[in-house]
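Chemist: So that you have it, the file is entry_32.cif, and it contains mmCIF, C-alpha atoms and all ligand atoms:
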data_upload
#
loop_
_atom_site.label_atom_id
_atom_site.label_comp_id
_atom_site.auth_asym_id
_atom_site.auth_seq_id
_atom_site.Cartn_x
_atom_site.Cartn_y
_atom_site.Cartn_z
CA GLY A 6 4.26 13.56 -7.26
CA LYS A 7 6.10 11.67 -4.54
CA GLY A 8 4.73 8.34 -3.34
CA ILE A 9 4.93 5.93 -0.45
CA LEU A 10 7.00 2.76 -0.25
CA ALA A 11 5.05 -0.12 1.31
CA VAL A 12 7.71 -2.29 2.94
CA ASP A 13 5.50 -3.57 5.75
CA GLU A 14 5.37 -7.23 4.76
CA SER A 15 4.84 -9.41 7.82
CA THR A 16 7.74 -11.72 8.71
CA ASN A 17 5.91 -14.55 6.97
CA THR A 18 5.22 -12.60 3.74
CA CYS A 19 8.75 -11.19 3.70
CA GLY A 20 9.91 -14.81 3.90
CA LYS A 21 8.00 -15.61 0.70
CA ARG A 22 9.64 -12.68 -1.11
CA LEU A 23 13.10 -13.76 0.10
CA ALA A 24 12.40 -17.41 -0.81
CA SER A 25 11.69 -16.27 -4.40
CA ILE A 26 15.39 -15.27 -4.65
CA GLY A 27 16.68 -18.22 -2.61
CA VAL A 28 17.44 -16.21 0.54
CA GLU A 29 16.70 -17.54 4.02
CA ASN A 30 14.12 -15.65 6.11
CA THR A 31 16.32 -14.52 9.03
CA GLU A 32 16.22 -11.22 10.88
CA GLU A 33 19.69 -10.47 9.53
CA ASN A 34 18.58 -10.98 5.91
CA ARG A 35 15.45 -8.87 6.37
CA GLN A 36 17.66 -6.16 7.88
CA ALA A 37 20.12 -6.39 4.98
CA TYR A 38 17.38 -6.24 2.35
CA ARG A 39 15.45 -3.35 3.83
CA GLY A 40 18.64 -1.53 4.81
CA MET A 41 19.70 -1.76 1.14
CA LEU A 42 16.39 -0.17 0.05
CA PHE A 43 16.51 2.66 2.60
CA THR A 44 20.06 3.71 1.74
CA THR A 45 19.34 4.10 -1.98
CA GLU A 46 20.91 7.40 -3.00
CA GLY A 47 18.40 10.13 -3.83
CA LEU A 48 15.35 8.03 -2.87
CA GLY A 49 13.81 11.06 -1.16
CA LYS A 50 13.32 12.69 -4.57
CA TYR A 51 10.62 10.15 -5.39
CA ILE A 52 9.42 8.74 -2.06
CA SER A 53 8.03 10.79 0.83
CA GLY A 54 6.97 8.04 3.23
CA ALA A 55 7.67 4.38 4.04
CA ILE A 56 5.28 1.98 5.77
CA LEU A 57 7.26 -0.34 8.03
CA PHE A 58 6.51 -3.62 9.74
CA GLU A 59 6.92 -3.47 13.53
CA GLU A 60 10.27 -5.29 13.45
CA THR A 61 11.79 -2.60 11.19
CA LEU A 62 10.53 0.33 13.27
CA PHE A 63 12.45 -1.10 16.24
CA GLN A 64 15.46 -2.23 14.18
CA ASP A 65 18.92 -0.83 13.50
CA HIS A 66 20.71 -0.92 10.17
CA ALA A 67 23.79 -3.20 10.15
CA ASP A 68 25.95 -0.06 10.55
CA GLY A 69 24.31 0.63 13.94
CA GLU A 70 22.12 3.58 12.94
CA SER A 71 18.39 3.04 13.30
CA MET A 72 16.29 2.24 10.22
CA VAL A 73 14.11 5.24 11.14
CA ALA A 74 17.19 7.51 11.04
CA LYS A 75 18.15 6.13 7.61
CA LEU A 76 14.73 7.15 6.27
CA GLU A 77 14.67 10.52 7.99
CA LYS A 78 18.08 11.39 6.50
CA GLN A 79 16.45 11.05 3.07
CA GLY A 80 13.48 13.19 4.10
CA ILE A 81 11.24 10.10 4.17
CA VAL A 82 8.52 10.00 6.84
CA PRO A 83 8.32 6.67 8.72
CA GLY A 84 4.93 4.97 9.07
CA ILE A 85 3.83 1.69 10.61
CA LYS A 86 1.41 -1.08 9.71
CA VAL A 87 -0.70 -1.49 12.83
CA ASP A 88 -3.22 -4.19 11.94
CA LYS A 89 -2.56 -7.75 13.08
CA GLY A 90 -3.60 -9.47 9.86
CA ILE A 91 -6.68 -11.37 8.72
CA SER A 92 -8.69 -14.35 9.98
CA PRO A 93 -11.87 -16.05 8.67
CA TYR A 94 -15.06 -14.03 9.08
CA ASN A 95 -17.70 -16.14 10.89
CA ASP A 96 -16.08 -19.39 9.65
CA SER A 97 -16.72 -18.37 6.03
CA GLU A 98 -14.29 -17.87 3.14
CA GLU A 99 -14.49 -14.10 3.76
CA VAL A 100 -11.96 -12.49 6.13
CA ILE A 101 -11.80 -9.82 8.81
CA THR A 102 -8.79 -7.80 9.95
CA GLY A 103 -7.91 -7.71 13.66
CA GLY A 104 -5.72 -5.66 16.00
CA LEU A 105 -7.99 -3.08 17.60
CA GLU A 106 -7.78 -4.39 21.21
CA ASP A 107 -4.44 -2.88 22.22
CA LEU A 108 -4.11 -0.37 19.37
CA ASN A 109 -4.30 2.74 21.55
CA GLU A 110 -1.36 1.60 23.71
CA ARG A 111 0.66 0.48 20.69
CA CYS A 112 0.11 3.84 18.94
CA ALA A 113 1.78 5.73 21.78
CA GLU A 114 4.78 3.40 21.54
CA TYR A 115 5.04 3.74 17.72
CA ALA A 116 4.76 7.54 17.87
CA ALA A 117 7.56 7.66 20.45
CA LEU A 118 9.79 5.76 17.97
CA GLY A 119 9.14 8.33 15.25
CA ALA A 120 6.13 6.95 13.33
CA LYS A 121 4.02 9.77 11.89
CA PHE A 122 1.44 7.71 10.04
CA THR A 123 -0.09 4.24 10.15
CA LYS A 124 -1.76 1.69 7.90
CA TRP A 125 -4.60 -0.82 8.36
CA ARG A 126 -5.51 -3.21 5.54
CA ALA A 127 -8.96 -4.72 5.11
CA VAL A 128 -9.20 -7.57 2.60
CA ILE A 129 -12.31 -8.07 0.47
CA LYS A 130 -12.64 -11.13 -1.77
CA ILE A 131 -14.80 -11.46 -4.88
CA GLY A 132 -16.36 -14.88 -5.50
CA ASN A 133 -19.58 -16.85 -5.53
CA GLY A 134 -22.02 -14.69 -3.50
CA ILE A 135 -19.22 -12.62 -1.97
CA PRO A 136 -18.42 -10.02 -0.83
CA THR A 137 -21.45 -9.84 1.48
CA GLN A 138 -22.52 -6.43 2.73
CA GLU A 139 -22.25 -7.82 6.28
CA CYS A 140 -18.56 -8.58 5.89
CA ILE A 141 -17.94 -5.24 4.16
CA ASP A 142 -19.67 -3.49 7.09
CA ALA A 143 -17.56 -5.34 9.68
CA ASN A 144 -14.30 -4.53 7.87
CA MET A 145 -15.11 -0.88 7.17
CA LYS A 146 -16.25 -0.39 10.80
CA ALA A 147 -12.86 -1.72 11.97
CA LEU A 148 -11.10 0.67 9.56
CA ALA A 149 -13.12 3.62 10.91
CA ASP A 150 -12.46 2.62 14.55
CA TYR A 151 -8.75 2.26 13.76
CA ALA A 152 -8.63 5.68 12.05
CA LYS A 153 -10.21 7.38 15.06
CA ILE A 154 -7.75 5.80 17.53
CA VAL A 155 -4.79 6.81 15.34
CA GLN A 156 -5.94 10.43 15.00
CA ASN A 157 -6.46 10.57 18.78
CA ASN A 158 -2.75 9.65 18.99
CA SER A 159 -1.78 12.51 16.62
CA MET A 160 -0.78 10.30 13.70
CA VAL A 161 -2.25 10.10 10.18
CA PRO A 162 -4.28 6.97 9.41
CA MET A 163 -3.94 5.41 5.99
CA VAL A 164 -7.12 3.40 5.35
CA GLU A 165 -6.71 0.46 2.97
CA PRO A 166 -9.83 -1.38 1.81
CA GLU A 167 -8.30 -3.82 -0.67
CA VAL A 168 -10.58 -5.66 -3.08
CA LEU A 169 -8.37 -8.56 -4.18
CA MET A 170 -7.54 -9.24 -7.83
CA ASP A 171 -7.63 -13.03 -7.25
CA GLY A 172 -10.30 -14.80 -9.32
CA ASP A 173 -11.90 -14.80 -12.76
CA HIS A 174 -14.35 -11.95 -12.11
CA SER A 175 -14.98 -9.13 -14.56
CA VAL A 176 -13.79 -5.55 -14.20
CA GLN A 177 -17.45 -4.65 -13.58
CA SER A 178 -17.57 -6.94 -10.52
CA CYS A 179 -14.46 -5.22 -9.19
CA PHE A 180 -16.09 -1.84 -9.80
CA GLU A 181 -19.21 -2.87 -7.85
CA ALA A 182 -17.32 -4.35 -4.89
CA THR A 183 -15.00 -1.33 -4.72
CA ALA A 184 -17.95 1.09 -4.85
CA LYS A 185 -19.70 -0.73 -1.97
CA CYS A 186 -16.53 -0.70 0.15
CA LEU A 187 -15.79 2.99 -0.41
CA LYS A 188 -19.37 4.07 0.16
CA THR A 189 -19.52 2.11 3.45
CA LEU A 190 -16.06 3.22 4.53
CA PHE A 191 -16.74 6.96 4.17
CA SER A 192 -20.10 6.70 5.89
CA MET A 193 -18.41 4.95 8.85
CA LEU A 194 -15.48 7.39 8.96
CA ASN A 195 -18.05 10.18 9.07
CA ALA A 196 -20.01 8.47 11.86
CA ASN A 197 -16.76 8.19 13.87
CA ASP A 198 -15.95 11.86 13.32
CA VAL A 199 -12.63 11.05 11.61
CA SER A 200 -11.04 14.12 9.98
CA LEU A 201 -10.71 13.38 6.27
CA LYS A 202 -8.20 16.21 5.91
CA GLY A 203 -5.89 14.06 8.05
CA THR A 204 -6.58 10.74 6.33
CA ILE A 205 -5.04 8.99 3.32
CA LEU A 206 -7.00 6.43 1.29
CA LYS A 207 -5.06 3.45 -0.07
CA PRO A 208 -7.44 1.79 -2.53
CA ASN A 209 -7.17 -0.91 -5.17
CA MET A 210 -7.57 0.11 -8.79
CA VAL A 211 -10.60 -1.21 -10.64
CA VAL A 212 -9.09 -4.10 -12.61
CA SER A 213 -10.21 -7.46 -14.03
CA GLY A 214 -9.63 -10.60 -11.94
CA THR A 215 -6.22 -12.14 -12.67
CA GLU A 216 -7.89 -15.25 -14.16
CA ALA A 217 -10.57 -13.36 -16.14
CA PRO A 218 -10.61 -14.31 -19.83
CA MET A 219 -11.24 -10.66 -20.80
CA GLN A 220 -8.74 -8.20 -19.32
CA ALA A 221 -9.68 -4.52 -19.11
CA SER A 222 -7.39 -2.19 -21.05
CA VAL A 223 -5.26 0.54 -19.45
CA SER A 224 -7.77 3.24 -20.44
CA GLU A 225 -10.73 1.21 -19.08
CA VAL A 226 -8.93 0.69 -15.75
CA ALA A 227 -8.13 4.41 -15.55
CA GLU A 228 -11.68 5.51 -16.40
CA LEU A 229 -13.46 3.04 -14.10
CA THR A 230 -11.09 3.74 -11.21
CA LEU A 231 -11.63 7.49 -11.50
CA LYS A 232 -15.40 6.92 -11.77
CA VAL A 233 -15.54 4.85 -8.58
CA LEU A 234 -13.44 7.42 -6.72
CA LYS A 235 -15.41 10.45 -7.95
CA GLU A 236 -18.70 8.78 -7.03
CA ASN A 237 -17.70 7.62 -3.54
CA VAL A 238 -14.79 9.64 -2.12
CA PRO A 239 -15.44 13.06 -0.51
CA SER A 240 -13.37 15.88 -1.99
CA ASP A 241 -11.90 16.98 1.36
CA LEU A 242 -9.89 13.75 1.75
CA ALA A 243 -6.14 14.58 1.99
CA GLY A 244 -4.95 12.21 -0.69
CA ILE A 245 -5.09 8.85 -2.45
CA ALA A 246 -2.17 6.43 -2.78
CA PHE A 247 -2.91 3.18 -4.62
CA LEU A 248 -1.72 -0.31 -3.73
CA SER A 249 -0.34 -2.41 -6.61
CA GLY A 250 -2.07 -5.63 -5.55
CA GLY A 251 -0.17 -8.03 -7.82
CA GLN A 252 -0.15 -5.93 -11.01
CA SER A 253 3.09 -6.07 -12.97
CA ASP A 254 5.54 -3.24 -12.29
CA LEU A 255 4.84 -1.69 -15.67
CA LEU A 256 1.04 -1.90 -15.52
CA ALA A 257 0.96 -0.36 -12.04
CA THR A 258 2.92 2.60 -13.46
CA GLU A 259 0.88 2.84 -16.69
CA HIS A 260 -2.47 2.79 -14.87
CA LEU A 261 -1.42 5.55 -12.46
CA ASP A 262 -0.07 7.67 -15.30
CA ALA A 263 -3.24 7.20 -17.38
CA MET A 264 -5.40 8.41 -14.47
CA ASN A 265 -3.25 11.47 -13.86
CA LYS A 266 -3.31 12.32 -17.58
CA LEU A 267 -7.12 12.39 -17.53
CA GLY A 268 -7.21 15.77 -15.81
CA LYS A 269 -7.71 17.59 -12.56
CA LEU A 270 -9.10 15.78 -9.52
CA PRO A 271 -10.00 16.89 -5.98
CA TRP A 272 -7.12 14.85 -4.47
CA PRO A 273 -3.53 14.01 -5.40
CA LEU A 274 -3.43 10.50 -6.92
CA SER A 275 -0.17 8.80 -6.04
CA PHE A 276 1.23 5.36 -5.23
CA SER A 277 1.89 3.29 -2.13
CA TYR A 278 3.25 0.21 -3.84
CA GLY A 279 4.87 -2.81 -2.26
CA ARG A 280 5.53 -5.41 -4.92
CA ALA A 281 5.47 -3.02 -7.92
CA LEU A 282 8.25 -0.95 -6.31
CA GLN A 283 10.35 -3.76 -4.86
CA GLN A 284 10.21 -6.64 -7.35
CA ALA A 285 12.96 -5.40 -9.67
CA ALA A 286 15.25 -4.55 -6.76
CA LEU A 287 14.70 -7.93 -5.09
CA LYS A 288 15.56 -9.82 -8.30
CA SER A 289 18.67 -7.74 -8.82
CA TRP A 290 19.85 -8.04 -5.19
CA LEU A 291 19.67 -11.85 -4.75
CA GLY A 292 20.96 -11.51 -1.18
CA GLN A 293 24.48 -10.62 -2.35
CA GLY A 294 26.25 -7.55 -0.98
CA GLU A 295 28.06 -7.07 -4.29
CA ASN A 296 24.68 -6.51 -6.00
CA THR A 297 23.70 -3.64 -3.72
CA LEU A 298 24.29 -0.86 -6.24
CA SER A 299 22.50 -2.57 -9.12
CA ALA A 300 19.54 -3.39 -6.86
CA GLN A 301 19.38 0.20 -5.65
CA GLU A 302 19.47 1.43 -9.25
CA ALA A 303 16.58 -0.86 -10.19
CA PHE A 304 14.62 0.35 -7.15
CA SER A 305 15.38 4.01 -7.79
CA HIS A 306 14.31 3.64 -11.43
CA ARG A 307 10.87 2.24 -10.47
CA ALA A 308 10.41 4.93 -7.83
CA LYS A 309 11.26 7.59 -10.41
CA MET A 310 8.92 6.12 -13.05
CA ASN A 311 6.07 6.05 -10.53
CA ARG A 312 6.76 9.62 -9.46
CA LEU A 313 6.43 10.66 -13.11
CA ALA A 314 3.20 8.63 -13.33
CA ALA A 315 1.84 10.42 -10.26
CA LEU A 316 2.36 13.65 -12.23
CA GLY A 317 0.91 12.19 -15.46
CA LYS A 318 4.35 12.62 -17.08
CA TRP A 319 5.44 9.02 -17.62
CA ALA A 320 6.13 7.66 -21.12
CA GLU A 321 7.15 4.16 -22.18
CA ASP A 322 10.41 5.30 -23.76
CA LEU A 323 11.59 6.57 -20.34
CA GLU A 324 11.74 2.95 -19.14
CA GLY A 325 15.03 2.48 -21.02
P1 LIG B 401 1.22 -4.18 -2.95
O1 LIG B 401 1.51 -2.90 -3.70
O2 LIG B 401 2.24 -5.25 -3.21
O3 LIG B 401 -0.19 -4.61 -3.13
O4 LIG B 401 1.42 -3.84 -1.42
C1 LIG B 401 0.79 -2.73 -0.91
C2 LIG B 401 0.36 -2.98 0.47
O5 LIG B 401 0.72 -2.25 1.36
C3 LIG B 401 -0.54 -4.11 0.73
O6 LIG B 401 -1.06 -3.99 2.01
#
Since I need it in another form, could you write the structure as C-alpha cells?

Modeler:
Amino acid sequence: GKGILAVDESTNTCGKRLASIGVENTEENRQAYRGMLFTTEGLGKYISGAILFEETLFQDHADGESMVAKLEKQGIVPGIKVDKGISPYNDSEEVITGGLEDLNERCAEYAALGAKFTKWRAVIKIGNGIPTQECIDANMKALADYAKIVQNNSMVPMVEPEVLMDGDHSVQSCFEATAKCLKTLFSMLNANDVSLKGTILKPNMVVSGTEAPMQASVSEVAELTLKVLKENVPSDLAGIAFLSGGQSDLLATEHLDAMNKLGKLPWPLSFSYGRALQQAALKSWLGQGENTLSAQEAFSHRAKMNRLAALGKWAEDLEG
C-alpha cells in the first residue's frame, strides 16, 4: 500500500510552486522545502520511494546530512528523474522528451550516489488531430531506450507516458490516447528486451479534459482506467503507480481508492503523486520555519490517505 513521492520538479517548475506561496526560488529555499518534507516523522509508513531532481540527489540538508541519508533513515528508496525535459516535436504543437545522449554515463553517477530507480516522462497532448501515432511512436521508443539503459545500469526504470488533462476533450478521447500510448509502449519495451518484472509504469488515469463541459464521475474514471490497463498492460509488470496530473488532492485519492475497491488485479496499483501529495504541505509551510510541524502534518495526512487508497481502504470521513 505504500506509494512514491514525486518531488522531482525541475528548478523552473519548483520555482512556480514556491512562487504560489510567495517564496523566492533559491537553492536555499528549495533545500529548506524539500528538507522539511523528507524529515516528516513516520513518513516511511506511507512512502517507500522518492523521485528526486538532480540538484536534490547531490544536495545536503541544512543540518549537513545528505538528502539521500534523510530518506534512507526513513526506509525510503531514493530515485532520480533522468530525462532532460520536453521540446517541440518536428516544429509542431506536439512534444518529445530528450536526454538519451549521455544517459548511460549519468546513470553510473546517479547509482554511485545511492539512486536505485529512475523516471522518464513522456508528454502526450490531446487536441485537434493530435496525438499523432508518429509522435506517440517517437516518445514510446525513447521510453523503451531509456528503460534498457537504466536496467543495464542495475536500476529500476519507471516509465511515465503522461496523457495531459489540459483541454476540453472527453473522457473517451483520453481513453483512446492512453490505450494507443500503452499499446505502443509495451510493444517497444518488448522489442528492446526490457524486463517488465523490473519496471514500474507511471500512467495517467483516464479522466475528462479539465475544460470539458461533462466531467466523468469517480466510478467512470475508475472503470475506464482499469479497462485501459487490463487491455494494454502485461500481467508480469512489477507495479503501477499513478501520477496525479493536476487532479485535486481529494480526487486523486478517491480515484485510486475506487480502483482498488473494484477487486483483484495482476499488479499493485499505487500512487506516485507530486502535486496531490505536496499541495497541502506547501500551503501550510509558506516558507516559514515556524510552520514546519503543521506542514509536515498536512503532508503526512495526505500520504496516509493515499496509502489507504492504495489498499482500497480509504473513506471520506477519515479526511477529518
Ligand atoms: P503530478 O502528480 O503532480 O502529476 O506529478 C507527478 C510527476 O512525477 C509528473 O512527472

Chemist: Please check which protein, DNA or RNA residues sit within 7 Å of ligand LIG 401 (chain B), counting all atoms listed in the file, and write them as a ChimeraX atom specification.

Modeler: /A:11,13,126,248-251,277-281

Chemist: Write out as a ChimeraX atom specification which residues come within 7 Å of A:Val155 when counting all atoms listed in the file, dropping same-chain ones fewer than 6 positions away.

Modeler: /A:112,161-162

Chemist: Looking at all atoms listed in the file, which of A:Arg312, A:Lys266, A:His260, A:Lys78 is the one that sits closest to A:Val212?

Modeler: A:His260

Chemist: What are the closest atom pairs, with distances in Å to one decimal, for all residues of stretch 43-144 of chain A lying within 9 Å of stretch 304-308 of chain A? Consider all atoms listed in the file, order rows by chain and residue number, and present the result as JSON lines.

Modeler:
{"residue": "A:Thr45", "atom": "CA", "partner": "A:Ser305", "partner_atom": "CA", "distance": 7.0}
{"residue": "A:Glu46", "atom": "CA", "partner": "A:Ser305", "partner_atom": "CA", "distance": 8.1}
{"residue": "A:Gly47", "atom": "CA", "partner": "A:Ser305", "partner_atom": "CA", "distance": 7.9}
{"residue": "A:Leu48", "atom": "CA", "partner": "A:Ser305", "partner_atom": "CA", "distance": 6.4}
{"residue": "A:Lys50", "atom": "CA", "partner": "A:Ala308", "partner_atom": "CA", "distance": 8.9}
{"residue": "A:Tyr51", "atom": "CA", "partner": "A:Ala308", "partner_atom": "CA", "distance": 5.8}
{"residue": "A:Ile52", "atom": "CA", "partner": "A:Ala308", "partner_atom": "CA", "distance": 7.0}

Chemist: From the options A:Asp241, A:Asp254, A:Glu139, A:Glu32, which residue's atoms come nearest to A:Asn195, counting all atoms listed in the file?

Modeler: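 Once distances to A:Asn195 are computed over all atoms listed in the file, the minimum belongs to A:Asp241.
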
Chemist: What does the structure give for the distance between atom CA of A:Glu70 and atom CA of A:Leu298, in Å to one decimal?

Modeler: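 Answer for the atom CA of A:Glu70 to atom CA of A:Leu298 separation: 19.8 Å.
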
Chemist: Record the distance separating atom CA of A:Ile131 and atom CA of A:Ile91, expressed in Å with one decimal.

Modeler: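 Rounded to one decimal, the two atoms are 15.8 Å apart.
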
Chemist: What gap, in Å, lies between atom CA of A:Thr44 and atom CA of A:Gly80?

Modeler: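 Atom CA of A:Gly80 lies at a distance of 11.8 Å from atom CA of A:Thr44.
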
Chemist: For a quick check of understanding, using all atoms listed in the file, which of A:Glu77, A:Glu216, A:Glu295, A:Asp150 has the smallest distance to A:Asp198?

Modeler: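 Ranking A:Glu77, A:Glu216, A:Glu295, A:Asp150 by distance to A:Asp198, first place goes to A:Asp150.
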
Chemist: List the neighbours of A:Cys186 out to 10 Å using all atoms listed in the file; skip same-chain residues closer than 2 positions along the sequence, and give me the result as a PyMOL selection string.

Modeler: chain A and resi 127+129+136+138+140-142+144-145+166-168+181-184+188-191+208+237

Chemist: With all atoms listed in the file counted, which protein, DNA or RNA residues have an atom no more than 7 Å from (-1.1, 11.7, -17.8) in the file frame? Please answer as a PyMOL selection string.

Modeler: chain A and resi 262-267+314+316-318

Chemist: Using only C-alpha atoms, which residues sit within 8 Å of stretch 55-60 of chain A once same-chain residues fewer than 2 positions away are excluded, as a compact mmCIF listing (two decimals) with C-alpha atoms, in the coordinates of the input?

Modeler:
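This went into part-v4.txt:
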# COMPACT_ATOMS: atom_id res chain seq x y z
CA ILE A 9 4.93 5.93 -0.45
CA LEU A 10 7.00 2.76 -0.25
CA ALA A 11 5.05 -0.12 1.31
CA VAL A 12 7.71 -2.29 2.94
CA ASP A 13 5.50 -3.57 5.75
CA GLU A 14 5.37 -7.23 4.76
CA SER A 15 4.84 -9.41 7.82
CA ILE A 52 9.42 8.74 -2.06
CA SER A 53 8.03 10.79 0.83
CA LEU A 62 10.53 0.33 13.27
CA PHE A 63 12.45 -1.10 16.24
CA GLN A 64 15.46 -2.23 14.18
CA LEU A 76 14.73 7.15 6.27
CA ILE A 81 11.24 10.10 4.17
CA VAL A 82 8.52 10.00 6.84
CA PRO A 83 8.32 6.67 8.72
CA GLY A 84 4.93 4.97 9.07
CA ILE A 85 3.83 1.69 10.61
CA LYS A 86 1.41 -1.08 9.71
CA VAL A 87 -0.70 -1.49 12.83
CA THR A 123 -0.09 4.24 10.15
CA LYS A 124 -1.76 1.69 7.90

Chemist: Kindly compute an axis-aligned box around the listed atoms of stretch 162-165 of chain A, allowing 6 Å on each side, and express its centre and edge lengths in Å to one decimal as lines of an AutoDock Vina configuration file.

Modeler:
center_x = -5.5
center_y = 3.7
center_z = 6.2
size_x = 15.2
size_y = 18.5
size_z = 18.4

Chemist: I want to know what sits within 12 Å of A:Asn17, based on only C-alpha atoms, with residues of the same chain fewer than 6 positions away left out; could you give that as JSON, numbers by chain?

Modeler: {"A": [23, 24, 29, 30, 31, 32, 35, 58, 90]}

Chemist: Residues of the last selection are to be written out with C-alpha atoms, as a PDB file, in the frame of the given file.

Modeler:
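Generated file (part_17.pdb):
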ATOM      1  CA  LEU A  23      13.100 -13.760   0.100  1.00  0.00           C
ATOM      2  CA  ALA A  24      12.400 -17.410  -0.810  1.00  0.00           C
ATOM      3  CA  GLU A  29      16.700 -17.540   4.020  1.00  0.00           C
ATOM      4  CA  ASN A  30      14.120 -15.650   6.110  1.00  0.00           C
ATOM      5  CA  THR A  31      16.320 -14.520   9.030  1.00  0.00           C
ATOM      6  CA  GLU A  32      16.220 -11.220  10.880  1.00  0.00           C
ATOM      7  CA  ARG A  35      15.450  -8.870   6.370  1.00  0.00           C
ATOM      8  CA  PHE A  58       6.510  -3.620   9.740  1.00  0.00           C
ATOM      9  CA  GLY A  90      -3.600  -9.470   9.860  1.00  0.00           C
TER      10      GLY A  90
END

Chemist: Determine the nearest neighbour of A:Thr230 from the options A:Lys202, A:Ser213, A:Gly244, A:Gly132, counting only C-alpha atoms.

Modeler: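 Selected residue with least distance to A:Thr230: A:Ser213.
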
Chemist: Calculated over all atoms listed in the file, which of the candidates A:Leu255, A:Leu108, A:Phe247, A:Trp125 has the smallest distance to A:Ala320?

Modeler: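 With all atoms listed in the file as the atom set, the closest residue is A:Leu255.
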
Chemist: Return the single residue from A:Val100, A:Met170, A:Ala143, A:Leu313 that is closest to A:Gly214, with distances computed using only C-alpha atoms.

Modeler: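 That would be A:Met170, the residue with the smallest distance to A:Gly214.
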
Chemist: Missing atoms in stretch 203-214 of chain A: fill them in up to N, CA, C and O atoms and send the result as a PDB file, in the frame of the given file.

Modeler:
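Okay, rebuild.pdb is ready:
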ATOM      1  N   GLY A 203      -7.058  14.732   7.464  1.00  0.00           N
ATOM      2  CA  GLY A 203      -5.890  14.060   8.050  1.00  0.00           C
ATOM      3  C   GLY A 203      -5.951  12.569   7.806  1.00  0.00           C
ATOM      4  O   GLY A 203      -5.527  11.782   8.666  1.00  0.00           O
ATOM      5  N   THR A 204      -6.462  12.170   6.650  1.00  0.00           N
ATOM      6  CA  THR A 204      -6.580  10.740   6.330  1.00  0.00           C
ATOM      7  C   THR A 204      -6.123  10.497   4.891  1.00  0.00           C
ATOM      8  O   THR A 204      -6.400  11.308   4.007  1.00  0.00           O
ATOM      9  N   ILE A 205      -5.435   9.391   4.678  1.00  0.00           N
ATOM     10  CA  ILE A 205      -5.040   8.990   3.320  1.00  0.00           C
ATOM     11  C   ILE A 205      -5.777   7.694   2.970  1.00  0.00           C
ATOM     12  O   ILE A 205      -5.817   6.765   3.780  1.00  0.00           O
ATOM     13  N   LEU A 206      -6.337   7.659   1.778  1.00  0.00           N
ATOM     14  CA  LEU A 206      -7.000   6.430   1.290  1.00  0.00           C
ATOM     15  C   LEU A 206      -5.996   5.638   0.451  1.00  0.00           C
ATOM     16  O   LEU A 206      -5.321   6.196  -0.407  1.00  0.00           O
ATOM     17  N   LYS A 207      -5.921   4.323   0.740  1.00  0.00           N
ATOM     18  CA  LYS A 207      -5.060   3.450  -0.070  1.00  0.00           C
ATOM     19  C   LYS A 207      -5.957   2.407  -0.725  1.00  0.00           C
ATOM     20  O   LYS A 207      -6.212   1.339  -0.162  1.00  0.00           O
ATOM     21  N   PRO A 208      -6.491   2.698  -1.897  1.00  0.00           N
ATOM     22  CA  PRO A 208      -7.440   1.790  -2.530  1.00  0.00           C
ATOM     23  C   PRO A 208      -6.787   0.880  -3.575  1.00  0.00           C
ATOM     24  O   PRO A 208      -5.664   1.130  -4.013  1.00  0.00           O
ATOM     25  N   ASN A 209      -7.537  -0.141  -3.981  1.00  0.00           N
ATOM     26  CA  ASN A 209      -7.170  -0.910  -5.170  1.00  0.00           C
ATOM     27  C   ASN A 209      -7.610  -0.127  -6.391  1.00  0.00           C
ATOM     28  O   ASN A 209      -8.495   0.732  -6.295  1.00  0.00           O
ATOM     29  N   MET A 210      -7.029  -0.421  -7.522  1.00  0.00           N
ATOM     30  CA  MET A 210      -7.570   0.110  -8.790  1.00  0.00           C
ATOM     31  C   MET A 210      -8.690  -0.830  -9.225  1.00  0.00           C
ATOM     32  O   MET A 210      -8.770  -1.974  -8.762  1.00  0.00           O
ATOM     33  N   VAL A 211      -9.527  -0.350 -10.123  1.00  0.00           N
ATOM     34  CA  VAL A 211     -10.600  -1.210 -10.640  1.00  0.00           C
ATOM     35  C   VAL A 211     -10.034  -1.984 -11.831  1.00  0.00           C
ATOM     36  O   VAL A 211      -9.820  -1.422 -12.911  1.00  0.00           O
ATOM     37  N   VAL A 212      -9.735  -3.255 -11.588  1.00  0.00           N
ATOM     38  CA  VAL A 212      -9.090  -4.100 -12.610  1.00  0.00           C
ATOM     39  C   VAL A 212      -9.857  -5.418 -12.760  1.00  0.00           C
ATOM     40  O   VAL A 212     -10.653  -5.781 -11.888  1.00  0.00           O
ATOM     41  N   SER A 213      -9.606  -6.134 -13.831  1.00  0.00           N
ATOM     42  CA  SER A 213     -10.210  -7.460 -14.030  1.00  0.00           C
ATOM     43  C   SER A 213      -9.529  -8.454 -13.095  1.00  0.00           C
ATOM     44  O   SER A 213      -8.351  -8.287 -12.754  1.00  0.00           O
ATOM     45  N   GLY A 214     -10.241  -9.520 -12.701  1.00  0.00           N
ATOM     46  CA  GLY A 214      -9.630 -10.600 -11.940  1.00  0.00           C
ATOM     47  C   GLY A 214      -8.454 -11.180 -12.713  1.00  0.00           C
ATOM     48  O   GLY A 214      -8.479 -11.201 -13.946  1.00  0.00           O
TER      49      GLY A 214
END
